[in-house]
Amino acid sequence: MKPASFEPRLERSENVVGCARTRRLGRFGWLARVAVAAVALGALAPGQALAQGVTKESMAALAAGDKATRAKHWPAAITAYSAAKAADPSLAALDGLANALYSKGDAPAAYDAYEQLIRAHVSKLKKDHRTKVEARLKELGEKTGTLTVESEAGAEVVVDGASRGALPLARSPRFGVGEHKVEVRKAGFTPFTSTVQIAANAGATVVAKLVAISEKGTLRVHEAEGRTVHVFVDGIDMGPAPWEGDVAAGPHEVAAKGDRLKSPTEKVQIEKGSRRDVEVRAASTAARFKVTVDGSPTAKITIDGVEVGEGMYTGELPAGTHKLVITREGYQRFEEEVVLAEKETSSRTVVLTLSSVVKTGGDDKGPRKLEGFYGGFGVMGVMLPAGNGSDVQQSCKNKSQGITGCTGGGAGIGGGLFFFAGHHWDPVGLELLLGGSYDQQRATVTYGPSNLGVGGGFGPDPARTEDFFIGRAGGFLLGRTRLSFQTQKLRGSFAVGVGASYRVSFLARDTTGPDPLRDAYATDGAGSLSPVLNLDGSVALRLTERLSIPLGLMMLAESPSAKLFGDQVPRSPPDLNRQLAPGVGLTTPSYALASGPQVYLGVYLGLTFGP
């Protein structure tokens, strides 16, 4: 319902007022019209109208909207001003459209139009005009609220029978206070329907969990006597029996396999949305194998690396290929691959041959000594458990400067890459380490209204939320001492070193103030030089004599505020004139982007070449 004190139009822009005055000059005859036209043409520089985006279409649509407004024909006025806005989103077009929607009683659309008007032309509005617009927004806010829908990407949102587009929506639409019907649709899913209550000046959220329309059926397979087997569906191992799961509708082949067990393959038909229980019966597939060592009752018999007897062995083996090894001191080693078929019975008699060389001792070959040049590289993840000590982190910790809430601002994360090369004198090596890394820290800080005026900055500051992002990238160079020891398969190593690092830090801040005010601020990089202490421990798997894969933990400790290189704390420049909007302050002091001890911990994986 329209308020009793409703005014059809708010104050319009200077262009529209100029047109009204020109129409009043019609009383003085054609001479007055000619004179006014000459003055207007002289006042405009050539091409000025074109530069402002004014077109014949937009002027004609504005005139039609003005006419419909005087007649209080609001649907026609809305149509005309919408056309003018499409041709040129001027202050006059947005103002006329917002007033017409307000007069028609379409509160959600009027709110959006007034919001767009003040967002696009806030600097052009006169004080009393802006006051009226803000009053309308406040009034309409009491009649409307926003709706947020969360569901599958691409799903269509329908509210009260009208489509609102596909998710994700560009912004949460507004609706009148009261109950609304919400539908979410997407091909291949069961439609979701719900009702939601919209409250004044508030946001409602609907979480639509779409359920996929099943194109499958349920299959359950069990072994008749409970034997330990795995279920195979269409040749794919689905896990131990009994097994149950969803499979595509249609024909499937089901079998069971285990250690020396196998069932016949069964063909089953699964209907869409149905359930099928299949029983399989597994039987032994083991082959029977016998081996006898002629004349050597003490010879050791090994099959597939497992010693199974001396002189003779009889037993069951899975079908397939097996490695048979027979050894006896003073005789040549016997090796053979035996291929057994399912349920086959096979026997083998072996005669050992005397060896021409008899070994009386073991193999004394050990791992190669750590002598010579080596090198390698590694890739690591990086974490700063204690953070970077920035002003943002300290402010969050101390709740200073008007802070009412803070999230994040603690540990930083990142990644890095490093290379090293050196020379070993078993067991000690000297090396150089060169690397680079990147890390970042985020924090969301909520401020109450304040008048900090830090360093003479603009104020007062409104209540606001500031999202901070601090990133650093740089490299380091160190000299290290390494202590290593190894076996045939493993190598352990510990390194310690000192050096220097250089890093470039940068800050980005996104400020959200009273809607719709917003500000984005970013700085150039600030460099800093710092001493570095490094500790590194690793365990490596030796693939060959000269190639290994290390897995290790590295620590880098540095401090840009250390006195060794002077105060190298990276700082962002202050911006004492920054505002959220004309007359709305935004304190932007100089921020220390990193200070105090910086401790990086990183797990890495790499390759090492050399002895």
# chains A, B, ... in the order shown; residues from 1 in each chain; ligands from 1
call {"tool": "residues_around", "arguments": {"residues": "Glu179 (chain A)", "least_positions_apart": "4", "cutoff": "10 Å", "atoms": "only C-alpha atoms", "output": "mmCIF file with N, CA and C atoms, in the first residue's frame"}}
result
data_model
loop_
_atom_site.group_PDB
_atom_site.id
_atom_site.type_symbol
_atom_site.label_atom_id
_atom_site.label_comp_id
_atom_site.auth_asym_id
_atom_site.auth_seq_id
_atom_site.Cartn_x
_atom_site.Cartn_y
_atom_site.Cartn_z
ATOM 1 N N ASP A 160 7.952 -18.319 -6.437
ATOM 2 C CA ASP A 160 6.552 -17.945 -6.680
ATOM 3 C C ASP A 160 6.186 -18.091 -8.156
ATOM 4 N N PHE A 175 12.677 -9.887 -2.014
ATOM 5 C CA PHE A 175 11.262 -10.222 -2.102
ATOM 6 C C PHE A 175 10.526 -9.516 -0.973
ATOM 7 N N THR A 195 9.024 -23.792 1.196
ATOM 8 C CA THR A 195 8.523 -22.448 1.455
ATOM 9 C C THR A 195 9.474 -21.758 2.410
ATOM 10 N N VAL A 196 9.595 -20.435 2.251
ATOM 11 C CA VAL A 196 10.526 -19.673 3.079
ATOM 12 C C VAL A 196 9.831 -18.405 3.543
ATOM 13 N N GLN A 197 10.098 -17.989 4.745
ATOM 14 C CA GLN A 197 9.508 -16.775 5.315
ATOM 15 C C GLN A 197 10.541 -15.660 5.218
ATOM 16 N N ILE A 198 10.210 -14.602 4.473
ATOM 17 C CA ILE A 198 11.100 -13.451 4.321
ATOM 18 C C ILE A 198 10.759 -12.434 5.397
ATOM 19 N N ALA A 199 11.753 -12.029 6.174
ATOM 20 C CA ALA A 199 11.569 -11.031 7.224
ATOM 21 C C ALA A 199 12.094 -9.684 6.758
#
call {"tool": "residues_around", "arguments": {"residues": "His423 (chain A)", "least_positions_apart": "4", "cutoff": "6 Å", "atoms": "only C-alpha atoms", "output": "list in words"}}
result
Gly372, Phe373, Tyr374, Gly429 and Leu430 of chain A
call {"tool": "residues_around", "arguments": {"residues": "region 441-450 of chain A", "least_positions_apart": "4", "cutoff": "9 Å", "atoms": "only C-alpha atoms", "output": "VMD selection string"}}
result
chain A and resid 387 to 388 392 to 393 396 401 to 413 459 to 471
call {"tool": "residues_around", "arguments": {"residues": "region 250-256 of chain A", "least_positions_apart": "4", "cutoff": "6 Å", "atoms": "only C-alpha atoms", "output": "VMD selection string"}}
result
chain A and resid 229 to 234 262 to 263 265 to 270
call {"tool": "write_last_selection", "arguments": {"atoms": "C-alpha atoms", "output": "tab-separated table (two decimals), in the first residue's frame"}}
result
chain	number	residue	atom	x	y	z
A	229	VAL	CA	37.05	-64.45	-1.31
A	230	HIS	CA	36.83	-61.16	-3.20
A	231	VAL	CA	33.84	-60.30	-5.37
A	232	PHE	CA	34.53	-59.40	-9.00
A	233	VAL	CA	31.87	-57.58	-11.07
A	234	ASP	CA	32.68	-57.31	-14.78
A	262	LYS	CA	37.52	-69.43	-7.60
A	263	SER	CA	33.84	-69.58	-8.52
A	265	THR	CA	31.29	-66.68	-13.63
A	266	GLU	CA	27.57	-65.94	-13.45
A	267	LYS	CA	25.69	-63.57	-15.77
A	268	VAL	CA	23.01	-61.51	-14.02
A	269	GLN	CA	20.56	-58.87	-15.21
A	270	ILE	CA	20.06	-55.80	-12.99
call {"tool": "residues_around", "arguments": {"residues": "Lys563 (chain A)", "least_positions_apart": "5", "cutoff": "12 Å", "atoms": "only C-alpha atoms", "output": "VMD selection string"}}
result
chain A and resid 529 to 531 558 568 to 569 596
call {"tool": "select_by_dssp", "arguments": {"residues": "region 392-556 of chain A", "states": "helix (DSSP H, G or I)", "output": "number ranges by chain"}}
result
A: 392-398, 454-456
call {"tool": "write_last_selection", "arguments": {"atoms": "C-alpha atoms", "output": "CSV table (one decimal), in the first residue's frame"}}
result
chain,number,residue,atom,x,y,z
A,392,VAL,CA,47.6,-7.2,11.2
A,393,GLN,CA,48.5,-10.3,13.2
A,394,GLN,CA,49.5,-8.2,16.3
A,395,SER,CA,46.4,-6.1,16.1
A,396,CYS,CA,44.2,-9.2,16.0
A,397,LYS,CA,46.1,-10.6,18.9
A,398,ASN,CA,45.8,-7.4,21.0
A,454,VAL,CA,46.3,7.7,12.5
A,455,GLY,CA,49.1,10.0,11.3
A,456,GLY,CA,46.7,12.8,10.4
call {"tool": "select_by_dssp", "arguments": {"residues": "region 298-398 of chain A", "states": "strand (DSSP E or B)", "output": "PyMOL selection string"}}
result
chain A and resi 300-303+306-310+312-317+320-327+331+334-340+345-350+354+371-384
call {"tool": "closest_residue", "arguments": {"among": "A:Ala495, A:Pro573, A:Glu244, A:Ala249", "to": "Gly217 (chain A)", "atoms": "only C-alpha atoms"}}
result
A:Ala249
call {"tool": "residues_around", "arguments": {"residues": "region 118-123 of chain A", "least_positions_apart": "4", "cutoff": "7 Å", "atoms": "only C-alpha atoms", "output": "ChimeraX atom specification"}}
result
/A:91,114,516
call {"tool": "closest_residue", "arguments": {"among": "A:Arg480, A:Arg491, A:His129, A:Lys369", "to": "Leu551 (chain A)", "atoms": "only C-alpha atoms"}}
result
A:Arg491
call {"tool": "closest_atom_pairs", "arguments": {"of": "region 119-155 of chain A", "to": "region 161-171 of chain A", "cutoff": "6 Å", "atoms": "only C-alpha atoms", "output": "JSON lines"}}
result
{"residue": "A:Ala153", "atom": "CA", "partner": "A:Leu167", "partner_atom": "CA", "distance": 5.2}
{"residue": "A:Gly154", "atom": "CA", "partner": "A:Leu167", "partner_atom": "CA", "distance": 5.0}
{"residue": "A:Ala155", "atom": "CA", "partner": "A:Ala166", "partner_atom": "CA", "distance": 5.3}
